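A.B. asks: Sending over model.cif (mmCIF, C-alpha atoms).
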```cif
data_final
#
loop_
_atom_site.label_atom_id
_atom_site.label_comp_id
_atom_site.auth_asym_id
_atom_site.auth_seq_id
_atom_site.Cartn_x
_atom_site.Cartn_y
_atom_site.Cartn_z
CA MET G 1 7.84 -10.25 -10.75
CA HIS G 2 9.26 -6.82 -10.02
CA LYS G 3 7.31 -3.84 -8.70
CA SER G 4 8.12 -0.17 -8.40
CA TYR G 5 7.74 1.45 -4.97
CA LYS G 6 8.50 4.80 -3.43
CA ILE G 7 10.08 3.62 -0.19
CA ILE G 8 10.07 5.53 3.07
CA LEU G 9 12.58 4.28 5.62
CA ILE G 10 10.21 3.15 8.33
CA ILE G 11 12.81 2.50 10.99
CA ALA G 12 11.50 5.77 12.42
CA PHE G 13 8.60 3.97 14.06
CA LEU G 14 10.63 2.05 16.58
CA VAL G 15 10.30 2.65 20.28
CA SER G 16 12.45 1.78 23.24
CA CYS G 17 13.01 2.00 26.94
CA SER G 18 16.25 2.89 28.68
CA SER G 19 17.71 1.07 31.68
CA GLU G 20 17.94 2.98 34.95
CA ASN G 21 20.96 1.38 36.53
CA THR G 22 23.76 -1.15 36.06
CA LYS G 23 21.87 -4.00 37.72
CA GLN G 24 18.96 -3.56 35.35
CA ILE G 25 21.32 -3.59 32.35
CA GLU G 26 22.93 -6.80 33.59
CA ALA G 27 19.50 -8.41 33.99
CA ASN G 28 18.49 -7.33 30.51
CA LEU G 29 21.57 -9.07 29.09
CA LEU G 30 19.99 -12.39 30.12
CA ILE G 31 16.88 -11.79 28.02
CA GLU G 32 16.89 -13.21 24.50
CA PRO G 33 14.34 -13.07 21.70
CA ASN G 34 11.87 -15.89 21.26
CA TYR G 35 13.56 -17.16 18.12
CA GLU G 36 11.21 -18.77 15.60
CA PHE G 37 13.63 -19.69 12.81
CA SER G 38 17.23 -19.71 11.64
CA ALA G 39 18.25 -17.93 8.44
CA GLU G 40 21.09 -17.73 5.96
CA PHE G 41 21.75 -15.26 3.15
CA PHE G 42 23.64 -16.39 0.04
CA GLU G 43 25.07 -13.66 -2.18
CA CYS G 44 24.81 -14.71 -5.82
CA LYS G 45 25.89 -13.45 -9.23
CA LEU G 46 24.64 -14.36 -12.69
CA ASN G 47 27.07 -16.34 -14.81
CA ASP G 48 28.35 -14.93 -18.10
CA GLY G 49 25.78 -15.21 -20.85
CA TYR G 50 22.80 -15.25 -18.47
CA THR G 51 20.44 -12.43 -17.55
CA LEU G 52 17.79 -11.80 -14.95
CA LEU G 53 15.23 -12.99 -17.49
CA ASN G 54 16.89 -16.41 -17.36
CA LEU G 55 16.80 -16.35 -13.57
CA GLU G 56 13.17 -15.22 -13.47
CA SER G 57 12.22 -17.96 -15.91
CA PHE G 58 13.99 -20.50 -13.69
CA LEU G 59 12.25 -19.22 -10.55
CA SER G 60 8.82 -19.07 -12.20
CA THR G 61 8.99 -22.82 -12.94
CA LEU G 62 10.34 -23.64 -9.49
CA VAL G 63 7.68 -24.67 -6.99
CA ARG G 64 7.93 -25.71 -3.38
CA SER G 65 7.08 -29.32 -4.23
CA ASP G 66 10.42 -29.52 -6.06
CA LEU G 67 12.27 -28.65 -2.87
CA GLU G 68 10.17 -30.21 -0.14
CA GLN G 69 11.78 -32.25 2.60
CA ARG G 70 9.44 -34.32 4.71
CA ASN G 71 8.22 -32.75 7.95
CA VAL G 72 10.46 -29.68 7.58
CA LYS G 73 9.03 -26.18 7.33
CA TYR G 74 11.06 -23.48 5.59
CA ASP G 75 10.79 -20.49 3.25
CA ILE G 76 13.00 -19.49 0.33
CA ASN G 77 13.10 -15.81 -0.63
CA VAL G 78 15.05 -14.18 -3.46
CA TYR G 79 16.13 -10.52 -3.18
CA PHE G 80 16.84 -8.31 -6.21
CA PRO G 81 18.63 -5.03 -5.33
CA LYS G 82 16.88 -1.78 -6.18
CA PRO G 83 17.01 0.39 -8.23
CA ASN G 84 19.35 -1.45 -10.61
CA TYR G 85 19.34 -5.23 -10.62
CA VAL G 86 22.48 -5.61 -12.76
CA ASN G 87 23.63 -9.22 -12.19
CA GLN G 88 23.55 -9.72 -8.43
CA PHE G 89 20.89 -11.07 -6.10
CA ILE G 90 20.51 -12.80 -2.72
CA ILE G 91 18.89 -16.09 -1.76
CA ASN G 92 17.51 -16.23 1.78
CA VAL G 93 16.51 -19.52 3.44
CA LYS G 94 14.43 -19.37 6.63
CA ASN G 95 14.42 -22.67 8.49
CA TYR G 96 11.67 -23.26 11.08
CA SER G 97 13.03 -26.66 12.15
CA ASP G 98 16.02 -27.96 14.11
CA GLN G 99 17.34 -29.86 11.08
CA ASP G 100 20.21 -28.55 8.95
CA ILE G 101 18.49 -28.26 5.58
CA TYR G 102 20.73 -25.77 3.76
CA ASN G 103 22.87 -28.32 1.91
CA TYR G 104 19.73 -30.24 1.00
CA ILE G 105 18.13 -27.18 -0.59
CA LEU G 106 21.28 -26.13 -2.40
CA ASN G 107 21.69 -29.63 -3.84
CA LYS G 108 18.09 -29.58 -5.04
CA LEU G 109 18.60 -26.22 -6.73
CA SER G 110 21.76 -27.51 -8.38
CA ARG G 111 19.98 -30.54 -9.77
CA ARG G 112 17.32 -28.26 -11.23
CA GLY G 113 20.01 -26.40 -13.22
CA PHE G 114 20.61 -23.39 -11.00
CA ASP G 115 24.42 -23.72 -11.23
CA GLU G 116 24.28 -23.02 -14.97
CA ILE G 117 22.58 -19.67 -14.38
CA ALA G 118 24.38 -18.27 -11.32
CA SER G 119 27.17 -18.75 -8.77
CA CYS G 120 26.82 -18.06 -5.04
CA LYS G 121 29.02 -17.58 -2.00
CA PHE G 122 28.20 -20.27 0.51
CA ASP G 123 30.20 -19.03 3.49
CA LYS G 124 27.91 -20.05 6.31
CA GLU G 125 26.79 -17.21 8.56
CA GLU G 126 23.73 -18.28 10.48
CA TYR G 127 21.21 -15.88 11.96
CA TYR G 128 18.38 -16.54 14.37
CA GLY G 129 15.20 -14.58 13.92
CA GLN G 130 11.68 -13.83 14.95
CA SER G 131 8.71 -12.10 13.40
CA LEU G 132 8.14 -8.93 15.43
CA LEU G 133 4.78 -8.29 13.89
CA ALA G 134 2.79 -9.24 10.83
CA ASN G 135 -0.40 -7.50 9.75
CA GLU G 136 -1.96 -10.26 7.69
CA ASN G 137 -3.69 -8.19 5.00
CA GLU G 138 -2.43 -9.39 1.60
CA ILE G 139 0.76 -10.90 3.04
CA ILE G 140 0.00 -14.02 1.00
CA ASN G 141 1.30 -12.07 -2.01
CA PRO G 142 4.63 -13.73 -3.02
CA ASP G 143 5.95 -10.48 -4.57
CA TYR G 144 6.89 -7.73 -2.14
CA VAL G 145 9.47 -5.08 -1.30
CA SER G 146 11.99 -5.68 1.48
CA GLU G 147 14.08 -3.11 3.34
CA ILE G 148 17.07 -4.66 5.15
CA LEU G 149 18.83 -2.58 7.79
CA ARG G 150 22.08 -3.45 9.57
CA CYS G 151 22.00 -2.02 13.08
CA GLU G 152 24.10 -1.88 16.23
CA TYR G 153 23.10 -1.39 19.85
CA ASN G 154 24.40 1.70 21.58
CA GLU G 155 26.71 1.21 24.55
CA GLY G 156 24.80 -0.17 27.53
CA TYR G 157 21.81 -1.31 25.44
CA ASN G 158 20.77 -4.74 24.18
CA TYR G 159 17.74 -6.79 23.26
CA GLY G 160 16.62 -6.75 26.87
CA THR G 161 16.24 -2.96 26.82
CA PHE G 162 14.90 -3.01 23.28
CA ARG G 163 12.12 -5.56 23.75
CA ILE G 164 9.62 -3.18 25.35
CA ALA G 165 10.22 -0.75 22.51
CA ILE G 166 9.36 -3.49 20.05
CA GLU G 167 6.16 -4.36 21.92
CA ARG G 168 5.04 -0.73 21.89
CA PHE G 169 5.90 -0.43 18.23
CA SER G 170 3.93 -3.59 17.42
CA LEU G 171 0.80 -2.33 19.14
CA GLU G 172 0.97 0.98 17.28
CA ILE G 173 1.57 -0.52 13.85
CA LYS G 174 -1.03 -3.26 14.22
CA SER G 175 -3.64 -0.58 14.80
CA LEU G 176 -2.89 0.83 11.33
CA ASN G 177 -4.07 -2.41 9.67
CA ILE G 178 -1.58 -2.22 6.80
CA SER G 179 0.11 -5.01 4.81
CA TYR G 180 3.46 -5.07 6.54
CA GLU G 181 5.80 -7.42 8.40
CA ALA G 182 8.89 -6.75 10.54
CA LEU G 183 11.64 -9.28 11.28
CA TYR G 184 14.49 -9.21 13.81
CA LEU G 185 17.61 -11.29 13.04
CA HIS G 186 20.65 -11.82 15.25
CA ASN G 187 24.01 -13.51 14.72
CA LYS G 188 25.10 -14.92 18.08
CA ASP G 189 28.76 -14.35 17.18
CA TYR G 190 28.09 -10.58 17.12
CA PRO G 191 25.96 -9.81 20.20
CA ASN G 192 25.97 -6.03 19.70
CA SER G 193 24.50 -6.05 16.20
CA PHE G 194 21.25 -7.14 14.56
CA ILE G 195 19.36 -7.00 11.28
CA TRP G 196 15.94 -5.40 11.02
CA ILE G 197 13.81 -6.27 7.96
CA ASN G 198 10.73 -4.40 6.79
CA ASN G 199 8.58 -6.40 4.36
CA ILE G 200 6.06 -4.35 2.39
CA TYR G 201 3.23 -6.11 0.58
CA LYS G 202 1.17 -3.37 -1.03
CA ASP G 203 1.74 -0.88 -3.87
CA ASN G 204 0.36 2.13 -2.01
CA PHE G 205 2.18 1.36 1.23
CA SER G 206 4.17 4.60 1.19
CA SER G 207 1.02 6.74 1.03
CA GLU G 208 -0.64 4.68 3.76
CA ILE G 209 2.33 4.91 6.13
CA ASN G 210 2.77 8.60 5.37
CA SER G 211 -0.83 9.52 6.10
CA ASN G 212 -1.42 7.10 8.99
CA TRP G 213 1.93 7.12 10.78
CA ILE G 214 4.67 9.49 9.59
CA LYS G 215 2.36 12.49 10.11
CA ASN G 216 1.33 11.15 13.51
CA PRO G 217 2.96 13.19 16.33
CA THR G 218 3.87 9.92 18.06
CA ALA G 219 6.30 9.04 15.27
CA GLU G 220 8.94 11.59 16.26
CA ASN G 221 9.00 10.40 19.87
CA VAL G 222 9.27 6.83 18.65
CA LYS G 223 12.23 7.74 16.46
CA LYS G 224 14.06 9.39 19.38
CA GLU G 225 13.50 6.37 21.61
CA PHE G 226 14.83 4.03 18.93
CA GLN G 227 17.97 6.14 18.49
CA GLU G 228 18.55 5.90 22.24
CA ASN G 229 18.79 2.11 21.93
CA ALA G 230 20.48 1.57 18.59
CA LYS G 231 21.79 3.06 15.37
CA CYS G 232 21.45 1.64 11.89
CA ILE G 233 24.58 1.54 9.74
CA ASP G 234 22.91 1.20 6.36
CA SER G 235 19.69 0.30 4.61
CA LYS G 236 19.16 -1.50 1.31
CA ILE G 237 15.95 -1.93 -0.66
CA TYR G 238 15.09 -5.07 -2.62
CA ASP G 239 12.33 -6.40 -4.80
CA ALA G 240 11.67 -9.76 -3.16
CA PHE G 241 10.05 -12.99 -4.26
CA LEU G 242 8.85 -15.90 -2.11
CA ILE G 243 9.03 -19.33 -3.76
CA THR G 244 5.59 -20.85 -3.20
#
```
Is it possible to express this structure as structure tokens?
C.D. replies:
Amino acid sequence: MHKSYKIILIIAFLVSCSSENTKQIEANLLIEPNYEFSAEFFECKLNDGYTLLNLESFLSTLVRSDLEQRNVKYDINVYFPKPNYVNQFIINVKNYSDQDIYNYILNKLSRRGFDEIASCKFDKEEYYGQSLLANENEIINPDYVSEILRCEYNEGYNYGTFRIAIERFSLEIKSLNISYEALYLHNKDYPNSFIWINNIYKDNFSSEINSNWIKNPTAENVKKEFQENAKCIDSKIYDAFLIT
């Protein structure tokens, strides 16, 4: 299930535009992302006497048909921290419907025996998200690497000023034709912060991005424009697994 990657922090590709005056900033505050799903992250820890091999065995026998709810579309991803997995991991549920399915999924997992293997914190903190871009090559692979960045907007900036940057970034990255996806997540209780997720679906991604983008002169300008809009507090790398 796990892969080894040399990760390059690719937040450097982001672009942005700055507002020219107060009225424009106020107008930008009214612009929101076109949210496609809601998401929750559950921090989990293996119970005493259980290892990641037990968890992997459990996940390998778990299929979507065991968790399906009629007419509801959702994804379940499991994140294993890199470089050392130890005994902690994260379950992420992405819900593409208006129904509250989180308790349903958790109950299903419990009935399958998940509670014997691990314990999770179920403090509800709901995010709303959208896929910023997805180059479809090999994204069907359920094993991938995910980089999760916690970011904050700089004073006077918001999604309204950031959206054009994202559009420019998307056009540039799509032209590279690499197996990559970017997600933007926002908690409405914290309007000045957001989560940016880079999903990487190919072993040689780092060499591809290094040769096709990092060495591109445009990259440095993109990085400066991103830093004008926002700063990222931290970044964590995970081996990720999509339950299919």
A.B. asks: Select, counting only C-alpha atoms, all protein, DNA and RNA residues no farther than 9 Å from (14.4, -7.7, -4.6) in file coordinates, and express the selection as a list of chain:residue names.
C.D. replies: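 All residues meeting the 9 Å criterion around (14.4, -7.7, -4.6) are G:His2, G:Val78, G:Tyr79, G:Phe80, G:Pro81, G:Lys82, G:Tyr85, G:Phe89, G:Ile90, G:Asp143, G:Tyr144, G:Val145, G:Ser146, G:Ile237, G:Tyr238, G:Asp239, G:Ala240, G:Phe241.
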A.B. asks: Which residues would end up in the selection if the PyMOL selection byres ((chain G and resi 100) around 12) were applied here, given that I need the answer as a PDB file with C-alpha atoms, keeping the file's coordinate frame?
C.D. replies:
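As a result, result.pdb now contains:
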```pdb
ATOM      1  CA  PHE G  37      13.630 -19.690  12.810  1.00  0.00           C
ATOM      2  CA  SER G  38      17.230 -19.710  11.640  1.00  0.00           C
ATOM      3  CA  ALA G  39      18.250 -17.930   8.440  1.00  0.00           C
ATOM      4  CA  GLU G  40      21.090 -17.730   5.960  1.00  0.00           C
ATOM      5  CA  GLN G  69      11.780 -32.250   2.600  1.00  0.00           C
ATOM      6  CA  VAL G  72      10.460 -29.680   7.580  1.00  0.00           C
ATOM      7  CA  LYS G  73       9.030 -26.180   7.330  1.00  0.00           C
ATOM      8  CA  TYR G  74      11.060 -23.480   5.590  1.00  0.00           C
ATOM      9  CA  VAL G  93      16.510 -19.520   3.440  1.00  0.00           C
ATOM     10  CA  LYS G  94      14.430 -19.370   6.630  1.00  0.00           C
ATOM     11  CA  ASN G  95      14.420 -22.670   8.490  1.00  0.00           C
ATOM     12  CA  TYR G  96      11.670 -23.260  11.080  1.00  0.00           C
ATOM     13  CA  SER G  97      13.030 -26.660  12.150  1.00  0.00           C
ATOM     14  CA  ASP G  98      16.020 -27.960  14.110  1.00  0.00           C
ATOM     15  CA  GLN G  99      17.340 -29.860  11.080  1.00  0.00           C
ATOM     16  CA  ILE G 101      18.490 -28.260   5.580  1.00  0.00           C
ATOM     17  CA  TYR G 102      20.730 -25.770   3.760  1.00  0.00           C
ATOM     18  CA  ASN G 103      22.870 -28.320   1.910  1.00  0.00           C
ATOM     19  CA  TYR G 104      19.730 -30.240   1.000  1.00  0.00           C
ATOM     20  CA  ILE G 105      18.130 -27.180  -0.590  1.00  0.00           C
ATOM     21  CA  LEU G 106      21.280 -26.130  -2.400  1.00  0.00           C
ATOM     22  CA  LYS G 124      27.910 -20.050   6.310  1.00  0.00           C
ATOM     23  CA  GLU G 126      23.730 -18.280  10.480  1.00  0.00           C
TER      24      GLU G 126
END
```
A.B. asks: Using only C-alpha atoms, can you tell me which of G:Ile91, G:Leu132, G:Leu62, G:Leu183 comes closest to G:Ser119?
C.D. replies: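 Ranking G:Ile91, G:Leu132, G:Leu62, G:Leu183 by distance to G:Ser119, first place goes to G:Ile91.
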A.B. asks: Nearest residue to G:Ser170 out of G:Thr244, G:Asn77, G:Thr51, G:Ser131, using all atoms listed in the file?
C.D. replies: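 Smallest separation from G:Ser170 among the options: G:Ser131.
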A.B. asks: Hey, which of G:Phe194, G:Tyr180, G:Phe169, G:Tyr201 ends up closest to G:Val222? Count only C-alpha atoms.
C.D. replies: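 Among G:Phe194, G:Tyr180, G:Phe169, G:Tyr201, it is G:Phe169 that comes nearest to G:Val222.
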A.B. asks: Taking the file as shown, find all residues satisfying the PyMOL selection byres ((chain G and resi 155) around 10) and write them as a PyMOL selection string.
C.D. replies: chain G and resi 152-154+156-158+192+228-230
A.B. asks: Could you please determine the separation between atom CA of G:Pro191 and atom CA of G:Lys174 in Å, to one decimal place?
C.D. replies: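 For atom CA of G:Pro191 relative to atom CA of G:Lys174, the distance reads 28.4 Å.
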A.B. asks: In Å, how far is it from atom CA of G:Cys151 to atom CA of G:Asn187?
C.D. replies: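 Interatomic distance here is 11.8 Å.
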A.B. asks: Which residues are near G:Asn54? Cut-off 12 Å, only C-alpha atoms, ignore same chain within fewer than 4 positions. Put them as a ChimeraX atom specification.
C.D. replies: /G:46-50,58-61,87,113-114,116-118
A.B. asks: Write the residues of the selection above to a file with C-alpha atoms, as a CSV table (one decimal), in the frame of the given file.
C.D. replies:
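File written: out26.csv
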```csv
chain,number,residue,atom,x,y,z
G,46,LEU,CA,24.6,-14.4,-12.7
G,47,ASN,CA,27.1,-16.3,-14.8
G,48,ASP,CA,28.4,-14.9,-18.1
G,49,GLY,CA,25.8,-15.2,-20.8
G,50,TYR,CA,22.8,-15.2,-18.5
G,58,PHE,CA,14.0,-20.5,-13.7
G,59,LEU,CA,12.2,-19.2,-10.6
G,60,SER,CA,8.8,-19.1,-12.2
G,61,THR,CA,9.0,-22.8,-12.9
G,87,ASN,CA,23.6,-9.2,-12.2
G,113,GLY,CA,20.0,-26.4,-13.2
G,114,PHE,CA,20.6,-23.4,-11.0
G,116,GLU,CA,24.3,-23.0,-15.0
G,117,ILE,CA,22.6,-19.7,-14.4
G,118,ALA,CA,24.4,-18.3,-11.3
```
A.B. asks: Would you work out the distance separating atom CA of G:Glu36 from atom CA of G:Gly129, expressed in Å to one decimal?
C.D. replies: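 Those two atoms sit 6.0 Å apart.
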A.B. asks: With distances taken over all atoms listed in the file, which residue among G:Ile76, G:Ile197, G:Leu185, G:Leu171 lies nearest G:Ile243?
C.D. replies: G:Ile76
A.B. asks: Closest to G:Arg150 among G:Ile173, G:Ile195, G:Leu242, G:Leu53, using all atoms listed in the file?
C.D. replies: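 Checking each of G:Ile173, G:Ile195, G:Leu242, G:Leu53 against G:Arg150, counting all atoms listed in the file, the winner is G:Ile195.
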A.B. asks: Nearest to G:Glu125 among G:Phe42, G:Lys202, G:Leu149, G:Arg163, with distances taken over all atoms listed in the file: which residue is it?
C.D. replies: G:Phe42
